[in-house]
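Engineer: Below is the file coords.pdb, which contains PDB, C-alpha atoms, pLDDT in the B column.
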```pdb
ATOM      1  CA  MET A   1     -72.105  84.098  78.239  1.00 42.00           C
ATOM      2  CA  GLU A   2     -73.428  80.551  77.824  1.00 42.00           C
ATOM      3  CA  ALA A   3     -76.708  81.910  76.476  1.00 43.00           C
ATOM      4  CA  MET A   4     -74.829  84.093  73.973  1.00 41.00           C
ATOM      5  CA  MET A   5     -72.664  81.175  72.797  1.00 39.00           C
ATOM      6  CA  SER A   6     -75.763  79.019  72.434  1.00 47.00           C
ATOM      7  CA  ARG A   7     -77.395  81.639  70.218  1.00 47.00           C
ATOM      8  CA  ILE A   8     -74.220  81.959  68.100  1.00 40.00           C
ATOM      9  CA  PHE A   9     -73.974  78.200  67.541  1.00 39.00           C
ATOM     10  CA  SER A  10     -77.683  78.061  66.750  1.00 48.00           C
ATOM     11  CA  VAL A  11     -77.309  80.746  64.067  1.00 43.00           C
ATOM     12  CA  LEU A  12     -74.198  79.058  62.656  1.00 42.00           C
ATOM     13  CA  GLY A  13     -76.007  75.729  62.553  1.00 47.00           C
ATOM     14  CA  ARG A  14     -78.940  77.158  60.628  1.00 47.00           C
ATOM     15  CA  THR A  15     -76.552  78.936  58.230  1.00 47.00           C
ATOM     16  CA  CYS A  16     -74.600  75.735  57.560  1.00 46.00           C
ATOM     17  CA  CYS A  17     -77.793  73.777  56.936  1.00 44.00           C
ATOM     18  CA  ALA A  18     -79.010  76.421  54.489  1.00 45.00           C
ATOM     19  CA  ALA A  19     -75.653  76.384  52.685  1.00 45.00           C
ATOM     20  CA  VAL A  20     -75.666  72.592  52.399  1.00 40.00           C
ATOM     21  CA  LEU A  21     -79.230  72.644  51.076  1.00 39.00           C
ATOM     22  CA  ALA A  22     -78.357  75.321  48.509  1.00 42.00           C
ATOM     23  CA  LEU A  23     -75.362  73.331  47.298  1.00 39.00           C
ATOM     24  CA  ALA A  24     -77.488  70.209  47.026  1.00 39.00           C
ATOM     25  CA  LEU A  25     -80.097  72.031  44.953  1.00 37.00           C
ATOM     26  CA  LEU A  26     -77.557  73.716  42.688  1.00 42.00           C
ATOM     27  CA  GLY A  27     -74.930  71.064  42.305  1.00 43.00           C
ATOM     28  CA  GLY A  28     -76.668  67.810  43.117  1.00 45.00           C
ATOM     29  CA  PRO A  29     -77.775  65.447  40.376  1.00 47.00           C
ATOM     30  CA  GLY A  30     -81.276  66.154  39.060  1.00 42.00           C
ATOM     31  CA  PRO A  31     -83.839  63.638  37.887  1.00 44.00           C
ATOM     32  CA  ALA A  32     -82.834  61.501  34.933  1.00 50.00           C
ATOM     33  CA  ARG A  33     -83.801  63.115  31.636  1.00 54.00           C
ATOM     34  CA  ALA A  34     -85.711  61.032  29.111  1.00 64.00           C
ATOM     35  CA  ALA A  35     -83.967  60.416  25.815  1.00 76.00           C
ATOM     36  CA  ASP A  36     -84.798  62.531  22.781  1.00 89.00           C
ATOM     37  CA  ALA A  37     -87.535  61.199  20.533  1.00 93.00           C
ATOM     38  CA  PRO A  38     -86.450  58.530  18.049  1.00 94.00           C
ATOM     39  CA  ARG A  39     -86.074  59.494  14.397  1.00 95.00           C
ATOM     40  CA  GLU A  40     -85.121  56.091  13.029  1.00 96.00           C
ATOM     41  CA  LEU A  41     -86.621  52.601  13.038  1.00 97.00           C
ATOM     42  CA  ALA A  42     -85.272  49.450  11.347  1.00 96.00           C
ATOM     43  CA  GLY A  43     -82.615  51.545   9.611  1.00 96.00           C
ATOM     44  CA  ILE A  44     -85.159  53.947   8.078  1.00 97.00           C
ATOM     45  CA  ARG A  45     -85.158  57.613   9.069  1.00 97.00           C
ATOM     46  CA  LEU A  46     -88.078  60.026   9.352  1.00 97.00           C
ATOM     47  CA  GLY A  47     -87.742  63.065   7.105  1.00 96.00           C
ATOM     48  CA  GLN A  48     -85.642  61.232   4.526  1.00 97.00           C
ATOM     49  CA  THR A  49     -87.056  60.549   1.082  1.00 97.00           C
ATOM     50  CA  VAL A  50     -88.096  57.153  -0.214  1.00 95.00           C
ATOM     51  CA  GLU A  51     -85.435  57.610  -2.888  1.00 95.00           C
ATOM     52  CA  ALA A  52     -82.693  58.085  -0.280  1.00 96.00           C
ATOM     53  CA  MET A  53     -83.946  55.019   1.628  1.00 96.00           C
ATOM     54  CA  GLY A  54     -84.495  53.040  -1.566  1.00 93.00           C
ATOM     55  CA  ASP A  55     -82.218  50.141  -0.602  1.00 94.00           C
ATOM     56  CA  LYS A  56     -84.392  49.484   2.472  1.00 96.00           C
ATOM     57  CA  LEU A  57     -87.752  49.692   0.697  1.00 95.00           C
ATOM     58  CA  VAL A  58     -89.645  47.716  -1.917  1.00 94.00           C
ATOM     59  CA  PRO A  59     -90.351  50.047  -4.852  1.00 85.00           C
ATOM     60  CA  ALA A  60     -94.045  50.284  -5.637  1.00 75.00           C
ATOM     61  CA  ASP A  61     -96.455  52.553  -7.403  1.00 63.00           C
ATOM     62  CA  ALA A  62     -98.017  55.223  -5.208  1.00 57.00           C
ATOM     63  CA  ASN A  63    -100.462  53.275  -3.072  1.00 68.00           C
ATOM     64  CA  ARG A  64    -102.442  55.954  -1.291  1.00 65.00           C
ATOM     65  CA  VAL A  65    -103.692  55.607   2.265  1.00 62.00           C
ATOM     66  CA  PHE A  66    -107.440  55.080   2.339  1.00 58.00           C
ATOM     67  CA  HIS A  67    -109.227  58.413   3.024  1.00 61.00           C
ATOM     68  CA  LYS A  68    -105.813  60.170   3.067  1.00 73.00           C
ATOM     69  CA  PRO A  69    -104.897  60.887  -0.557  1.00 79.00           C
ATOM     70  CA  PHE A  70    -101.951  63.025   0.538  1.00 86.00           C
ATOM     71  CA  ILE A  71    -100.079  59.989   1.963  1.00 91.00           C
ATOM     72  CA  GLY A  72     -98.468  57.148   0.004  1.00 92.00           C
ATOM     73  CA  ILE A  73     -97.448  53.718   1.341  1.00 93.00           C
ATOM     74  CA  MET A  74     -94.318  51.745   0.475  1.00 94.00           C
ATOM     75  CA  PRO A  75     -93.359  48.324   1.920  1.00 95.00           C
ATOM     76  CA  VAL A  76     -90.118  47.850   3.828  1.00 96.00           C
ATOM     77  CA  ALA A  77     -87.642  45.272   2.504  1.00 96.00           C
ATOM     78  CA  PRO A  78     -86.980  42.234   4.758  1.00 95.00           C
ATOM     79  CA  VAL A  79     -85.229  43.202   8.021  1.00 94.00           C
ATOM     80  CA  PRO A  80     -83.921  40.779  10.693  1.00 96.00           C
ATOM     81  CA  GLY A  81     -86.237  40.609  13.701  1.00 96.00           C
ATOM     82  CA  TYR A  82     -89.241  42.025  11.854  1.00 97.00           C
ATOM     83  CA  ARG A  83     -92.002  40.206   9.988  1.00 96.00           C
ATOM     84  CA  SER A  84     -93.019  43.138   7.806  1.00 96.00           C
ATOM     85  CA  GLY A  85     -93.346  46.887   7.726  1.00 96.00           C
ATOM     86  CA  TYR A  86     -94.124  49.935   5.653  1.00 95.00           C
ATOM     87  CA  VAL A  87     -93.499  53.665   5.471  1.00 96.00           C
ATOM     88  CA  ASP A  88     -95.949  56.486   4.871  1.00 95.00           C
ATOM     89  CA  TYR A  89     -94.593  59.276   2.695  1.00 95.00           C
ATOM     90  CA  GLY A  90     -95.900  62.608   1.523  1.00 94.00           C
ATOM     91  CA  LEU A  91     -97.576  63.152  -1.831  1.00 93.00           C
ATOM     92  CA  CYS A  92     -98.398  66.840  -1.494  1.00 93.00           C
ATOM     93  CA  ALA A  93     -96.243  69.197   0.601  1.00 94.00           C
ATOM     94  CA  LYS A  94     -92.971  67.340  -0.034  1.00 95.00           C
ATOM     95  CA  PRO A  95     -93.541  64.324  -2.283  1.00 94.00           C
ATOM     96  CA  GLY A  96     -91.487  61.322  -1.241  1.00 94.00           C
ATOM     97  CA  ARG A  97     -90.624  62.522   2.274  1.00 96.00           C
ATOM     98  CA  ILE A  98     -91.092  59.790   4.908  1.00 97.00           C
ATOM     99  CA  VAL A  99     -93.458  60.908   7.670  1.00 97.00           C
ATOM    100  CA  ARG A 100     -94.290  57.624   9.431  1.00 97.00           C
ATOM    101  CA  ILE A 101     -92.688  54.183   9.883  1.00 98.00           C
ATOM    102  CA  LYS A 102     -94.513  51.080  11.122  1.00 97.00           C
ATOM    103  CA  MET A 103     -92.873  47.701  11.726  1.00 97.00           C
ATOM    104  CA  HIS A 104     -94.270  44.324  12.831  1.00 98.00           C
ATOM    105  CA  TYR A 105     -92.002  42.212  15.027  1.00 97.00           C
ATOM    106  CA  ASN A 106     -91.294  38.557  14.291  1.00 97.00           C
ATOM    107  CA  ASP A 107     -92.093  37.658  17.897  1.00 97.00           C
ATOM    108  CA  ASP A 108     -95.867  37.865  18.422  1.00 96.00           C
ATOM    109  CA  SER A 109     -95.853  36.911  22.100  1.00 96.00           C
ATOM    110  CA  LEU A 110     -97.162  39.052  24.934  1.00 96.00           C
ATOM    111  CA  ALA A 111     -93.921  38.380  26.822  1.00 97.00           C
ATOM    112  CA  PHE A 112     -91.941  40.049  24.024  1.00 97.00           C
ATOM    113  CA  PHE A 113     -94.362  42.984  24.017  1.00 97.00           C
ATOM    114  CA  ASN A 114     -93.809  43.432  27.752  1.00 97.00           C
ATOM    115  CA  ARG A 115     -90.018  43.374  27.321  1.00 97.00           C
ATOM    116  CA  VAL A 116     -90.153  46.030  24.606  1.00 97.00           C
ATOM    117  CA  MET A 117     -92.587  48.062  26.710  1.00 97.00           C
ATOM    118  CA  ALA A 118     -90.199  47.989  29.680  1.00 97.00           C
ATOM    119  CA  ALA A 119     -87.249  49.031  27.497  1.00 97.00           C
ATOM    120  CA  LEU A 120     -89.187  51.934  25.944  1.00 97.00           C
ATOM    121  CA  THR A 121     -90.379  53.135  29.346  1.00 96.00           C
ATOM    122  CA  LYS A 122     -86.825  53.070  30.674  1.00 96.00           C
ATOM    123  CA  ARG A 123     -85.597  55.098  27.707  1.00 95.00           C
ATOM    124  CA  TYR A 124     -88.458  57.574  27.186  1.00 95.00           C
ATOM    125  CA  GLY A 125     -90.368  57.573  30.459  1.00 95.00           C
ATOM    126  CA  GLU A 126     -93.970  56.582  31.074  1.00 95.00           C
ATOM    127  CA  PRO A 127     -96.283  56.666  28.030  1.00 95.00           C
ATOM    128  CA  LYS A 128     -98.874  59.438  27.846  1.00 92.00           C
ATOM    129  CA  GLU A 129    -101.840  57.561  26.453  1.00 95.00           C
ATOM    130  CA  TRP A 130    -103.486  54.131  26.657  1.00 94.00           C
ATOM    131  CA  ARG A 131    -105.480  52.991  23.621  1.00 89.00           C
ATOM    132  CA  GLY A 132    -106.177  49.367  24.468  1.00 87.00           C
ATOM    133  CA  ASN A 133    -109.529  47.697  25.054  1.00 88.00           C
ATOM    134  CA  ALA A 134    -111.148  46.259  28.153  1.00 85.00           C
ATOM    135  CA  PHE A 135    -110.868  42.679  26.883  1.00 85.00           C
ATOM    136  CA  GLY A 136    -107.072  42.623  26.781  1.00 84.00           C
ATOM    137  CA  THR A 137    -106.969  41.613  23.112  1.00 91.00           C
ATOM    138  CA  LEU A 138    -105.660  45.058  22.145  1.00 95.00           C
ATOM    139  CA  ARG A 139    -102.860  46.670  24.142  1.00 95.00           C
ATOM    140  CA  THR A 140    -101.632  49.993  22.813  1.00 96.00           C
ATOM    141  CA  TRP A 141     -99.403  52.573  24.464  1.00 97.00           C
ATOM    142  CA  LYS A 142     -98.534  55.958  22.991  1.00 97.00           C
ATOM    143  CA  TRP A 143     -95.687  58.353  23.811  1.00 97.00           C
ATOM    144  CA  GLY A 144     -95.703  62.016  22.796  1.00 95.00           C
ATOM    145  CA  LEU A 145     -92.025  62.975  22.500  1.00 96.00           C
ATOM    146  CA  ARG A 146     -89.749  65.744  21.225  1.00 92.00           C
ATOM    147  CA  SER A 147     -86.702  65.279  19.040  1.00 89.00           C
ATOM    148  CA  GLY A 148     -83.416  67.050  19.696  1.00 86.00           C
ATOM    149  CA  ASP A 149     -84.512  69.969  17.499  1.00 86.00           C
ATOM    150  CA  GLY A 150     -87.868  70.262  19.282  1.00 90.00           C
ATOM    151  CA  GLN A 151     -90.020  68.550  16.662  1.00 91.00           C
ATOM    152  CA  PRO A 152     -92.931  66.398  17.932  1.00 95.00           C
ATOM    153  CA  VAL A 153     -92.691  62.648  17.386  1.00 96.00           C
ATOM    154  CA  SER A 154     -95.312  60.086  18.356  1.00 97.00           C
ATOM    155  CA  LEU A 155     -94.328  56.537  19.282  1.00 97.00           C
ATOM    156  CA  ILE A 156     -96.903  53.738  19.488  1.00 97.00           C
ATOM    157  CA  LEU A 157     -96.357  50.175  20.694  1.00 98.00           C
ATOM    158  CA  MET A 158     -99.188  47.711  20.058  1.00 97.00           C
ATOM    159  CA  HIS A 159    -100.037  44.086  20.808  1.00 97.00           C
ATOM    160  CA  TYR A 160    -103.104  42.442  19.295  1.00 96.00           C
ATOM    161  CA  GLU A 161    -104.515  38.939  19.455  1.00 93.00           C
ATOM    162  CA  GLY A 162    -108.004  38.603  18.053  1.00 87.00           C
ATOM    163  CA  GLU A 163    -110.103  38.244  14.923  1.00 84.00           C
ATOM    164  CA  ASP A 164    -110.661  41.887  13.975  1.00 81.00           C
ATOM    165  CA  GLY A 165    -109.146  42.386  10.532  1.00 78.00           C
ATOM    166  CA  ALA A 166    -108.670  46.090  11.266  1.00 81.00           C
ATOM    167  CA  PHE A 167    -105.633  45.191  13.395  1.00 86.00           C
ATOM    168  CA  THR A 168    -102.566  43.132  12.543  1.00 88.00           C
ATOM    169  CA  GLU A 169    -101.992  40.131  14.782  1.00 92.00           C
ATOM    170  CA  GLY A 170     -98.943  40.264  17.046  1.00 96.00           C
ATOM    171  CA  ASN A 171     -96.617  43.082  18.066  1.00 97.00           C
ATOM    172  CA  SER A 172     -95.894  46.268  16.174  1.00 97.00           C
ATOM    173  CA  ILE A 173     -94.196  49.607  16.715  1.00 98.00           C
ATOM    174  CA  ARG A 174     -94.712  52.901  14.930  1.00 97.00           C
ATOM    175  CA  ILE A 175     -93.009  56.284  14.952  1.00 98.00           C
ATOM    176  CA  ALA A 176     -94.352  59.366  13.197  1.00 97.00           C
ATOM    177  CA  ALA A 177     -93.055  62.893  12.665  1.00 96.00           C
ATOM    178  CA  THR A 178     -96.248  64.677  13.661  1.00 95.00           C
ATOM    179  CA  SER A 179     -95.355  68.046  12.146  1.00 95.00           C
ATOM    180  CA  LEU A 180     -94.510  66.448   8.780  1.00 96.00           C
ATOM    181  CA  VAL A 181     -97.852  64.623   8.723  1.00 94.00           C
ATOM    182  CA  ARG A 182     -99.621  67.921   9.424  1.00 94.00           C
ATOM    183  CA  ASP A 183     -97.713  69.598   6.588  1.00 95.00           C
ATOM    184  CA  GLU A 184     -99.185  67.026   4.213  1.00 93.00           C
ATOM    185  CA  GLU A 185    -102.677  67.450   5.689  1.00 92.00           C
ATOM    186  CA  ARG A 186    -102.541  71.242   5.278  1.00 93.00           C
ATOM    187  CA  CYS A 187    -101.274  70.953   1.717  1.00 93.00           C
ATOM    188  CA  GLN A 188    -104.124  68.613   0.783  1.00 88.00           C
ATOM    189  CA  ALA A 189    -106.699  70.829   2.522  1.00 89.00           C
ATOM    190  CA  GLU A 190    -105.504  73.871   0.564  1.00 89.00           C
ATOM    191  CA  LYS A 191    -105.653  71.980  -2.730  1.00 85.00           C
ATOM    192  CA  GLN A 192    -109.084  70.620  -1.901  1.00 80.00           C
ATOM    193  CA  ALA A 193    -110.361  74.090  -1.016  1.00 80.00           C
ATOM    194  CA  THR A 194    -109.121  75.421  -4.364  1.00 73.00           C
ATOM    195  CA  ILE A 195    -110.745  72.554  -6.277  1.00 66.00           C
ATOM    196  CA  GLN A 196    -113.980  72.957  -4.315  1.00 62.00           C
ATOM    197  CA  GLY A 197    -113.951  76.686  -4.967  1.00 58.00           C
ATOM    198  CA  ARG A 198    -113.646  76.113  -8.712  1.00 53.00           C
ATOM    199  CA  ALA A 199    -116.424  73.530  -8.610  1.00 50.00           C
ATOM    200  CA  ASP A 200    -118.712  75.937  -6.752  1.00 54.00           C
ATOM    201  CA  THR A 201    -117.967  78.705  -9.269  1.00 53.00           C
ATOM    202  CA  GLN A 202    -118.715  76.395 -12.211  1.00 55.00           C
ATOM    203  CA  SER A 203    -121.910  75.190 -10.550  1.00 59.00           C
ATOM    204  CA  GLU A 204    -123.066  78.764  -9.995  1.00 60.00           C
ATOM    205  CA  ALA A 205    -122.354  79.577 -13.641  1.00 60.00           C
ATOM    206  CA  ARG A 206    -124.454  76.609 -14.789  1.00 62.00           C
ATOM    207  CA  ASP A 207    -127.315  77.609 -12.478  1.00 71.00           C
ATOM    208  CA  ALA A 208    -127.215  81.168 -13.767  1.00 67.00           C
ATOM    209  CA  GLN A 209    -127.324  79.945 -17.353  1.00 73.00           C
ATOM    210  CA  ALA A 210    -130.329  77.768 -16.600  1.00 75.00           C
ATOM    211  CA  LEU A 211    -132.212  80.745 -15.153  1.00 76.00           C
ATOM    212  CA  GLY A 212    -131.884  82.673 -18.395  1.00 72.00           C
ATOM    213  CA  PRO A 213    -130.992  86.343 -18.950  1.00 70.00           C
ATOM    214  CA  ASP A 214    -134.494  87.662 -18.191  1.00 68.00           C
ATOM    215  CA  TRP A 215    -134.131  86.551 -14.583  1.00 66.00           C
ATOM    216  CA  PHE A 216    -131.405  89.116 -14.050  1.00 67.00           C
ATOM    217  CA  LEU A 217    -133.134  92.050 -15.771  1.00 68.00           C
ATOM    218  CA  PRO A 218    -135.505  94.576 -14.220  1.00 72.00           C
ATOM    219  CA  ARG A 219    -139.132  94.504 -15.307  1.00 53.00           C
TER
END
```
Produce C-alpha cells that represent the structure in this file.
Structural biologist:
Amino acid sequence: MEAMMSRIFSVLGRTCCAAVLALALLGGPGPARAADAPRELAGIRLGQTVEAMGDKLVPADANRVFHKPFIGIMPVAPVPGYRSGYVDYGLCAKPGRIVRIKMHYNDDSLAFFNRVMAALTKRYGEPKEWRGNAFGTLRTWKWGLRSGDGQPVSLILMHYEGEDGAFTEGNSIRIAATSLVRDEERCQAEKQATIQGRADTQSEARDAQALGPDWFLPR
C-alpha cells in the first residue's frame, strides 16, 4: 500500500510541475519588446513632403547630394537642443518626399553621446552594427529597425572629434526610411538606363553613318 501511495504522489507531483511550467510559459510575462522604429526626429517626419514640413525647414533650391542626383538636401530651421540639421528628400520617385533626417546636437561631449546611446539602447535594444575607428575619434552605432507597419528604418548615432573634414565634429543622430531611399535609387537607375540606351543607339547610328553605305552591301 505504501509503495502504491508513493507512486501516486510521485505521478501527481510530476503532473503538477508540468502544469505549473505550462502556465508559466503560456501566461508568464515574456521578454520586453523593443519599441517600433522611430519615424520622427526634431519634429520632422519621414515620408512627409518638404512642403508639409515647410515651417520646420529653410527653403532652398534643390541642392543635390554629391554622386546621388536623385536626392535633394534642405536645411532644418533652428531647433532647441540642436546645432544644425538637414533632410534628404526624393527628386525622382516621389519628388519632395523626406527619406532621411540628420541632426547635430548642441552638446558635443562624449558624456552626452554616452547618455543618448544608453537611452537608445534601452528603447530599441542593442545596436546591430559598429562603424567606429580603432583610434576612438569616430564612434558610430547603427540600429536596423522596423516601424509599426513593417517598414525598415535605420538609426545611426555618431560622435566625432578629429580633423577629418568628411565628418562633422560632435554628436549627431540620423534616421532614414530605407525603403523610400531605395525607391529613389531604383527610379534614378531606370532613368539612367533609358538615357544610356538612347545614347548607345545614337552612337551606333553615328558609327554606321561613318562606315558608309557600301560597308553594308554585298560585293
Engineer: List every protein, DNA or RNA residue with an atom no more than 10 Å from (-94.6, 49.3, 7.5) in the file's coordinates, counting only C-alpha atoms, and format the result as a list in words.
Structural biologist: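 So the residues meeting the distance criterion are Leu57, Ile73, Met74, Pro75, Val76, Ala77, Arg83, Ser84, Gly85, Tyr86, Val87, Asp88, Arg100, Ile101, Lys102, Met103, His104, Ser172, Ile173 and Arg174 of chain A.
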Engineer: With distances taken over all atoms listed in the file, which residue among A:Glu184, A:Ile44, A:Ala177, A:Asn114 lies nearest Leu157 of chain A?
Structural biologist: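 Result for the nearest residue to Leu157 of chain A: A:Asn114.
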Engineer: Find the distance between atom CA of Thr168 of chain A and atom CA of Ala134 of chain A and write it in Å to one decimal.
Structural biologist: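 These two atoms are separated by 18.1 Å.
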Engineer: Please indicate the distance in Å from atom CA of Thr140 of chain A to atom CA of Gly165 of chain A, rounded to one decimal place.
Structural biologist: 16.3 Å
Engineer: Could you tell me how far atom CA of Lys122 of chain A sits from atom CA of Asn106 of chain A, in Å to one decimal place?
Structural biologist: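 So the answer is 22.3 Å.
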Engineer: Step by step, work through what the PyMOL selection byres ((chain A and resi 142) around 12) selects in the shown file, and finish by giving those residues as a tab-separated table (two decimals) with C-alpha atoms, keeping the file's coordinate frame.
Structural biologist:
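For reference, part_32.tsv as written:
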```
chain	number	residue	atom	x	y	z
A	117	MET	CA	-92.59	48.06	26.71
A	120	LEU	CA	-89.19	51.93	25.94
A	121	THR	CA	-90.38	53.14	29.35
A	124	TYR	CA	-88.46	57.57	27.19
A	125	GLY	CA	-90.37	57.57	30.46
A	126	GLU	CA	-93.97	56.58	31.07
A	127	PRO	CA	-96.28	56.67	28.03
A	128	LYS	CA	-98.87	59.44	27.85
A	129	GLU	CA	-101.84	57.56	26.45
A	130	TRP	CA	-103.49	54.13	26.66
A	131	ARG	CA	-105.48	52.99	23.62
A	132	GLY	CA	-106.18	49.37	24.47
A	139	ARG	CA	-102.86	46.67	24.14
A	140	THR	CA	-101.63	49.99	22.81
A	141	TRP	CA	-99.40	52.57	24.46
A	143	TRP	CA	-95.69	58.35	23.81
A	144	GLY	CA	-95.70	62.02	22.80
A	145	LEU	CA	-92.02	62.98	22.50
A	153	VAL	CA	-92.69	62.65	17.39
A	154	SER	CA	-95.31	60.09	18.36
A	155	LEU	CA	-94.33	56.54	19.28
A	156	ILE	CA	-96.90	53.74	19.49
A	157	LEU	CA	-96.36	50.18	20.69
A	158	MET	CA	-99.19	47.71	20.06
A	173	ILE	CA	-94.20	49.61	16.72
A	174	ARG	CA	-94.71	52.90	14.93
A	175	ILE	CA	-93.01	56.28	14.95
A	176	ALA	CA	-94.35	59.37	13.20
```
Engineer: Can you list what the PyMOL selection byres ((chain A and resi 36) around 10) grabs from this structure, as a list in words?
Structural biologist: Arg33, Ala34, Ala35, Ala37, Pro38, Arg39, Arg123, Tyr124, Leu145, Arg146, Ser147, Gly148, Asp149, Gly150 and Val153 of chain A
Engineer: Which is closer to Ser179 of chain A than all the others in A:Ala52, A:Ile98, A:Gly72, A:Leu110, using all atoms listed in the file?
Structural biologist: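 Nearest to Ser179 of chain A: A:Ile98.
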Engineer: Would you please work out which residue, of A:Tyr82, A:His159, A:Lys191, A:Gly54, is nearest to Phe112 of chain A when using only C-alpha atoms?
Structural biologist: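 The shortest atom-to-atom distance to Phe112 of chain A comes from A:His159.
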Engineer: Return the single residue from A:Ala210, A:Val79, A:Tyr89, A:Pro152 that is closest to Leu41 of chain A, with distances computed using only C-alpha atoms.
Structural biologist: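 So, comparing all the options, the nearest one is A:Val79.
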Engineer: Name all residues at most 10 Å from Thr137 of chain A (count all atoms listed in the file; drop same-chain ones fewer than 5 positions away) and give them as number ranges by chain.
Structural biologist: A: 132, 159-164, 169
Engineer: Listed atoms of segment 43-56 of chain A, axis-aligned box, 8 Å per side: centre and edge lengths to one decimal in Å, as JSON?
Structural biologist:
```
{"center_x": -85.2, "center_y": 56.3, "center_z": 3.4, "size_x": 21.9, "size_y": 29.6, "size_z": 28.5}
```
Engineer: Using all atoms listed in the file, which of A:Gly90, A:Leu138, A:Thr194, A:Ala189 sits nearest Ala166 of chain A?
Structural biologist: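 Of all the options, A:Leu138 lies closest to Ala166 of chain A.
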